[in-house]
Amino acid sequence: MCAPLTDRELEKTVFPALDKGWKVERSYTAAEKMKPAPRSDHSLDMVPMDKAEEKMPEWLVTGYIPRYQISSLAGDGGSGKATVWCSLAADISNGKKAFLENFFPDSFGGGVPQKVMFFSAEDSFEYTLKCRLRKNGANLAKIFSIDIADERFQDIKFNSHFLERLIEKHRPALCIFNPIQAFVPPDMASCTRPTPGTT
């Protein structure tokens, strides 16, 4: 939860606002009435699991990263998350079997070089990201990014039309956001602090 305001903060910011004589446009009760009422006529039918359709996931990285879905990698700062993502991005850009797939002998293992979009709010690609990818043997022509110093970077949020257009244009097999909390828009964020180091 957010830390409560101190007495001094209340006196400085909140209490003066209460004395300004703001005009109330509508009462709280009236505002509540404007909300759509929850429906009570929904069907009560449910699907028993013996009738539910079961599908096998299509894997990008067998056992770890399914295609067309969201995967996260969590850890403390400096524990090597970006290093893992750089290695995975390099393998996928070359169509190679990812190092994680060594635990799955029957894994598909790629075969076709694929595009990767890599957004890092922590590392400049000029000084850090490109070097890490190159050292991992990445096919750099298949990896796309916008540098953190580029003003457009601020518009890369999970609900942004700009990000939607980028994905539609480049159609990446893998899209990396590091760290994830840097790309959560303000209206999706809450007072609860995100787990540190989630990617």
# chains A, B, ... in the order shown; residues from 1 in each chain; ligands from 1
>>> residues_around(residues="Gln69 in chain A", least_positions_apart="5", cutoff="10 Å", atoms="only C-alpha atoms", output="PyMOL selection string")
chain A and resi 57-60+174
>>> write_last_selection(atoms="N, CA and C atoms", output="PDB file, in the first residue's frame")
ATOM      1  N   PRO A  57      -0.114 -25.967 -25.918  1.00  0.00           N
ATOM      2  CA  PRO A  57       0.466 -24.681 -26.314  1.00  0.00           C
ATOM      3  C   PRO A  57       1.434 -24.834 -27.477  1.00  0.00           C
ATOM      4  N   GLU A  58       1.523 -23.766 -28.254  1.00  0.00           N
ATOM      5  CA  GLU A  58       2.536 -23.706 -29.304  1.00  0.00           C
ATOM      6  C   GLU A  58       3.710 -22.947 -28.705  1.00  0.00           C
ATOM      7  N   TRP A  59       4.883 -23.556 -28.704  1.00  0.00           N
ATOM      8  CA  TRP A  59       6.014 -22.997 -27.977  1.00  0.00           C
ATOM      9  C   TRP A  59       6.927 -22.155 -28.859  1.00  0.00           C
ATOM     10  N   LEU A  60       7.374 -21.031 -28.316  1.00  0.00           N
ATOM     11  CA  LEU A  60       8.484 -20.284 -28.905  1.00  0.00           C
ATOM     12  C   LEU A  60       9.787 -20.822 -28.319  1.00  0.00           C
ATOM     13  N   LEU A 174       9.102 -12.443 -30.655  1.00  0.00           N
ATOM     14  CA  LEU A 174       9.313 -12.182 -29.234  1.00  0.00           C
ATOM     15  C   LEU A 174       9.424 -10.676 -29.031  1.00  0.00           C
TER      16      LEU A 174
END
>>> select_by_dssp(residues="range 74-137 of chain A", states="strand (DSSP E)", output="VMD selection string")
chain A and resid 116 to 120
>>> residues_around(residues="range 139-142 of chain A", least_positions_apart="4", cutoff="7 Å", atoms="only C-alpha atoms", output="MDAnalysis selection string")
chainID A and resid 90 93:94 114:116
